[in-house]
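Undergrad: One structure, pasted below without further comment.
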2 protein chains.
Amino acid sequence: MLHGLDERTANIYAPVQEGLQRVDDKLRSLATTETSEVQPLLKYVTDVGGKRVRPAITLLCAQFHPHDEARPIIMASAVELLHLATLIHDDTVDNSPTRRGRATVSNTWSPYVAVLFGDYVFATSATFVCDTNNIRVIRRFSETIMELASGQLMEYFTAYDPAQAKELYNDRIYRKTASLFCTASESGAVLGEASEIEVQALRDFGYNVGMAFQVRDDLLDFRGDPSDLGKPVGNDLKNGVLTLPTIMLMERYPNDNLVKALFEDRTNDAKLEKVVEVINDSTIMADCELVVEDYIDKACQSLKSLPDCEPKQSLLELADYLTARRR
Amino acid sequence: MLHGLDERTANIYAPVQEGLQRVDDKLRSLATTETSEVQPLLKYVTDVGGKRVRPAITLLCAQFHPHDEARPIIMASAVELLHLATLIHDDTVDNSPTRRGRATVSNTWSPYVAVLFGDYVFATSATFVCDTNNIRVIRRFSETIMELASGQLMEYFTAYDPAQAKELYNDRIYRKTASLFCTASESGAVLGEASEIEVQALRDFGYNVGMAFQVRDDLLDFRGDPSDLGKPVGNDLKNGVLTLPTIMLMERYPNDNLVKALFEDRTNDAKLEKVVEVINDSTIMADCELVVEDYIDKACQSLKSLPDCEPKQSLLELADYLTARRR
């Protein structure tokens, strides 16, 4: 069993357990093969373990047909490495001292090192993808990096702007989160020699799981996430980032816009607490849960046309687990 | 004639003038076609013009055989865009307020925006390369980004370490500068349907011109670069960065190591001035010029096996001009 996985996750990953171990080995081996300057950095970021959700999706989506084993494994490694690269830069620009209880690269070394090392990891992930020899997958990978960066930039440029509709929020969370889930599932399907119809179905699965994952994550900001000890409730809102609950709140009370009042008086913690309280006391959180459920339903529906098999069962369970586990 | 080019450069670029115009158009059109958040940023960085040396090399190296015009042009655009992306991140980590008299992205917007926008530009350049449909070129491009980032990291990690031999310096300047020149020439040759022997010859040309270019740039730090108004002489050394003149100085006077003395007393400007003075008063600068000449000779030698034609003549003149123009 992979280091750091709970029993349920290990069960879900069972059909790709060996592949995930090879992904892990591949990532860890970087720290011994690359240029000496970056070795300690690579060791630091690949030592973490983590849930390996995105590479698991890639490997599971490759399992529907007989295929060359090596290519989905290299792709899954690239997907995880890209995820790690985005975390390095996100933590740097956000000045985050820690992530999941561990000092960030920016904090341990410096922002200077973190920016350049993040670039190095982005580029390493892109060279991995070249080993798939599949231009469609290579292109999709580069486009994903563009979407990830533009999603973060959208968040920055729209901060403290109360005039944001759901469509903008959806586009933003697609870019910053669901895009990579799409790429994880689509590339697994393509390299697993799925038919074009199956590729689209698995891509839809990745999209919907990714959207559900981000909406759920945004809900935790109003409830407190037990795994993010010390992160204050309402942190997104404090930083001017509108998420689904606040957008729903503004839609419901256009004439008494508490969010606008807060943004005009940003350091007023009482106003922040008030928004959090009103949201938690209303049906908004329950309605947001319905949005998550809806994405999960769509994700599961998208797999309908695929043959029943162990990997499909794992994808269905993973969708449920990813968005339900922190309720 | 392309905006901002002097007459001699325009003459050298004559065989690829139309191609360079298309590169310029392609880069500028990004600012009108991409996601709205990044449009002002793209406009800001593509408005600059500049010498377009790297894309010119790509286009010239593609001219030795009949070929599909579109692919070298897209590659040349990618090469220039990658160069722009590295400048965005380098200026951010260096906290540079201006570059060539114009405020940097980091200074105009913020380091937050500059890091993420740099990522966006890196990724955009990578999607351009995908349009070449040539896996060899795509892979080389990703490896180049790794080399560029690791070169900058090497410079950071070895700063203020007086125990650096020429080999380390050569490896460092290959990564941070010559790597992209190699990629510019090699990819042009590959996409211009050159034979493998010709590809290697043109790659060697790019390597040697790139090395000469960086050594020359490092010499200017001891002499003052008229185009970098306000940049103090000895700036690299002040930041702990060893370049060829200082390495030569330490080799010649191992028992009276002025550089080591400076690094042990970093804020002592008199010690810095002393190093600069000793270097300028010795034969070191002339010997460094010989190193530059040697690289240029090798660059020109590497083109010997190629048929005489206008693009070859331009490459030879460009090599000379690039490294001689600031003497």
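Ordering of the structure tokens sets the chain letters (A, B, ...), residue numbers begin anew at 1 in every chain, and ligands are numbered from 1 in the order given.
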What's around segment 13-19 of chain B at 10 Å? Count only C-alpha atoms, leave out sequence neighbours fewer than 6 positions away in its own chain, and write the answer as a VMD selection string.
TA: chain B and resid 1 to 2 5 7 25 52 to 53 55 to 60 62 to 63 69 to 70 72 to 74 76 to 77 310 to 315 317 to 318
Undergrad: Could those selected residues go to a file with C-alpha atoms, as a compact mmCIF listing (two decimals), in the first residue's frame?
TA:
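As a result, result.txt now contains:
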# COMPACT_ATOMS: atom_id res chain seq x y z
CA MET B 1 11.36 47.20 -41.66
CA LEU B 2 10.49 45.94 -38.19
CA LEU B 5 15.66 47.82 -35.58
CA GLU B 7 19.90 49.64 -40.23
CA ASP B 25 2.15 39.99 -35.74
CA ARG B 52 14.34 39.65 -31.93
CA VAL B 53 17.74 37.92 -32.14
CA PRO B 55 13.59 34.26 -33.58
CA ALA B 56 15.85 35.64 -36.33
CA ILE B 57 18.27 32.76 -35.69
CA THR B 58 15.43 30.22 -35.87
CA LEU B 59 14.17 31.63 -39.17
CA LEU B 60 17.65 31.94 -40.70
CA ALA B 62 15.36 27.17 -41.46
CA GLN B 63 16.36 28.76 -44.78
CA GLU B 69 6.98 28.32 -43.99
CA ALA B 70 4.45 28.15 -41.16
CA PRO B 72 9.57 27.85 -38.40
CA ILE B 73 7.49 31.00 -37.90
CA ILE B 74 5.46 29.44 -35.10
CA ALA B 76 10.40 31.49 -33.81
CA SER B 77 7.38 33.04 -32.06
CA GLU B 310 22.27 34.58 -48.11
CA PRO B 311 20.97 33.10 -44.81
CA LYS B 312 24.42 31.68 -44.03
CA GLN B 313 25.97 35.09 -44.67
CA SER B 314 23.41 36.62 -42.32
CA LEU B 315 24.21 34.11 -39.58
CA GLU B 317 27.29 38.62 -39.73
CA LEU B 318 24.87 38.22 -36.86
Undergrad: So which residues touch Gln214 of chain A within 12 Å, counting only C-alpha atoms, skipping near sequence neighbours fewer than 5 positions away, as a CSV table (one decimal) with C-alpha atoms, in the first residue's frame?
TA:
chain,number,residue,atom,x,y,z
A,169,TYR,CA,-17.1,31.8,-10.7
A,170,ASN,CA,-17.7,28.6,-12.7
A,171,ASP,CA,-15.2,29.7,-15.3
A,172,ARG,CA,-12.6,30.6,-12.6
A,173,ILE,CA,-12.9,27.3,-10.7
A,174,TYR,CA,-12.8,25.3,-14.0
A,175,ARG,CA,-9.5,27.0,-14.8
A,176,LYS,CA,-7.9,26.8,-11.4
A,177,THR,CA,-9.1,23.2,-10.5
A,178,ALA,CA,-11.3,21.3,-12.9
A,179,SER,CA,-9.0,21.9,-15.9
A,180,LEU,CA,-6.3,19.6,-14.4
A,181,PHE,CA,-8.9,17.0,-13.5
A,207,TYR,CA,-14.6,18.0,-15.4
A,208,ASN,CA,-17.6,17.3,-13.1
A,209,VAL,CA,-15.5,15.7,-10.3
A,219,LEU,CA,-17.8,25.4,1.3
A,220,LEU,CA,-15.2,24.3,3.8
A,221,ASP,CA,-14.0,27.9,4.0
A,243,THR,CA,-17.2,31.8,-3.9
A,244,LEU,CA,-20.6,30.1,-4.4
A,288,CYS,CA,-24.5,24.6,-2.4
A,289,GLU,CA,-24.3,20.9,-1.3
A,291,VAL,CA,-24.7,21.9,-6.5
A,292,VAL,CA,-21.9,19.5,-5.5
A,295,TYR,CA,-21.8,17.7,-10.3
A,296,ILE,CA,-21.2,14.2,-8.8
A,322,LEU,CA,-13.6,13.0,-2.8
A,323,THR,CA,-16.5,15.2,-2.2
Undergrad: Hey, what's within 12 Å of Tyr112 of chain A if we count only C-alpha atoms and toss same-chain stuff fewer than 4 positions away? As a list in words, please?
TA: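 So the residues in contact are Ile88, His89, Thr92, Val93, Val105, Ser106, Asn107, Thr108, Leu116, Phe117, Gly118 and Asp119 of chain A; His89, Asp90, Asp91, Thr92, Val93, Asp94, Asn95, Pro111, Val115, Ala149, Gln152, Leu153, Glu155, Tyr156 and Phe157 of chain B.
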Undergrad: Excluding same-chain residues fewer than 4 positions from segment 264-279 of chain A, what lies within 10 Å of it counting only C-alpha atoms, as a PyMOL selection string?
TA: chain A and resi 160+221-223+233-235+237-240+245-246+248-249+257-260+283-286
Undergrad: My list of candidates is B:Pro97, B:Arg28, B:Thr46, B:Phe122. Which is closest to chain A when distances are computed with only C-alpha atoms?
TA: B:Phe122
Undergrad: Taking 2 positions as the minimum chain separation for residues in the same chain, which residues sit within 9 Å of Phe64 of chain B when counting only C-alpha atoms? Answer as a ChimeraX atom specification.
TA: /B:60-62,66-67,189,192-194,306-307,309,311-312
Undergrad: How would the residues just chosen look if you wrote them out with C-alpha atoms as a PDB file, in the first residue's frame?
TA:
ATOM      1  CA  LEU B  60      17.654  31.944 -40.705  1.00  0.00           C
ATOM      2  CA  CYS B  61      18.517  28.347 -39.710  1.00  0.00           C
ATOM      3  CA  ALA B  62      15.360  27.168 -41.462  1.00  0.00           C
ATOM      4  CA  PRO B  66      12.730  24.427 -49.160  1.00  0.00           C
ATOM      5  CA  HIS B  67      10.295  23.912 -46.298  1.00  0.00           C
ATOM      6  CA  ALA B 189      17.165  23.598 -38.720  1.00  0.00           C
ATOM      7  CA  GLY B 192      13.609  23.695 -42.105  1.00  0.00           C
ATOM      8  CA  GLU B 193      14.176  20.065 -43.089  1.00  0.00           C
ATOM      9  CA  ALA B 194      17.940  20.206 -42.753  1.00  0.00           C
ATOM     10  CA  LEU B 306      26.772  24.378 -45.138  1.00  0.00           C
ATOM     11  CA  PRO B 307      26.226  25.717 -48.647  1.00  0.00           C
ATOM     12  CA  CYS B 309      23.841  31.395 -49.377  1.00  0.00           C
ATOM     13  CA  PRO B 311      20.968  33.102 -44.809  1.00  0.00           C
ATOM     14  CA  LYS B 312      24.420  31.685 -44.032  1.00  0.00           C
TER      15      LYS B 312
END
Undergrad: So, with only C-alpha atoms as the atoms that count, which of B:Asp24, B:Asp131, B:Glu196, B:Asp68 lies closest to chain A?
TA: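 Closest to chain A, using only C-alpha atoms: B:Asp131.
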Undergrad: To test your reading of the structure, identify every residue in segment 75-129 of chain B that backbone DSSP assigns to strand (DSSP E), and report it as a PDB file with N, CA and C atoms, in the first residue's frame.
TA:
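The result, written out as selection-v6.pdb:
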ATOM      1  N   THR B  98      13.061  48.298 -13.331  1.00  0.00           N
ATOM      2  CA  THR B  98      12.966  48.579 -14.771  1.00  0.00           C
ATOM      3  C   THR B  98      13.839  47.608 -15.566  1.00  0.00           C
ATOM      4  N   ARG B  99      13.525  47.491 -16.846  1.00  0.00           N
ATOM      5  CA  ARG B  99      14.368  46.766 -17.799  1.00  0.00           C
ATOM      6  C   ARG B  99      14.441  47.614 -19.053  1.00  0.00           C
ATOM      7  N   ARG B 102      12.163  50.660 -18.977  1.00  0.00           N
ATOM      8  CA  ARG B 102      10.714  50.520 -18.906  1.00  0.00           C
ATOM      9  C   ARG B 102      10.394  49.717 -17.641  1.00  0.00           C
ATOM     10  N   ALA B 103       9.317  50.105 -16.953  1.00  0.00           N
ATOM     11  CA  ALA B 103       8.962  49.402 -15.712  1.00  0.00           C
ATOM     12  C   ALA B 103       8.692  47.923 -15.997  1.00  0.00           C
TER      13      ALA B 103
END
Undergrad: Counting only C-alpha atoms, figure out which residue out of A:Leu82, A:Ile135, A:Leu27, A:Val215 gets nearest to chain B.
TA: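 The shortest atom-to-atom distance to chain B comes from A:Ile135.
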Undergrad: Excluding Ser302 of chain A and any residue of its chain fewer than 2 positions from it, enumerate the residues within 10 Å of it, using only C-alpha atoms, and give them as a list in words.
TA: Glu198, Gln200, Ala201, Leu202, Arg203, Asp204, Phe205, Gly206, Asn208, Ile296, Asp297, Lys298, Ala299, Cys300, Lys304, Ser305 and Leu306 of chain A
Undergrad: Of the candidates B:Gly101, B:Gly210, B:Gly151, B:Gly224, which shows the shortest atom-to-atom distance to chain A, using only C-alpha atoms?
TA: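 Of B:Gly101, B:Gly210, B:Gly151, B:Gly224, the one nearest chain A, counting only C-alpha atoms, is B:Gly151.
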Undergrad: Can you tell me, as a PyMOL selection string, which residues in segment 156-296 of chain B count as helix (DSSP H, G or I) by DSSP?
TA: chain B and resi 156-157+166-191+196-223+235-238+244-252+258-263+269-281+284-296
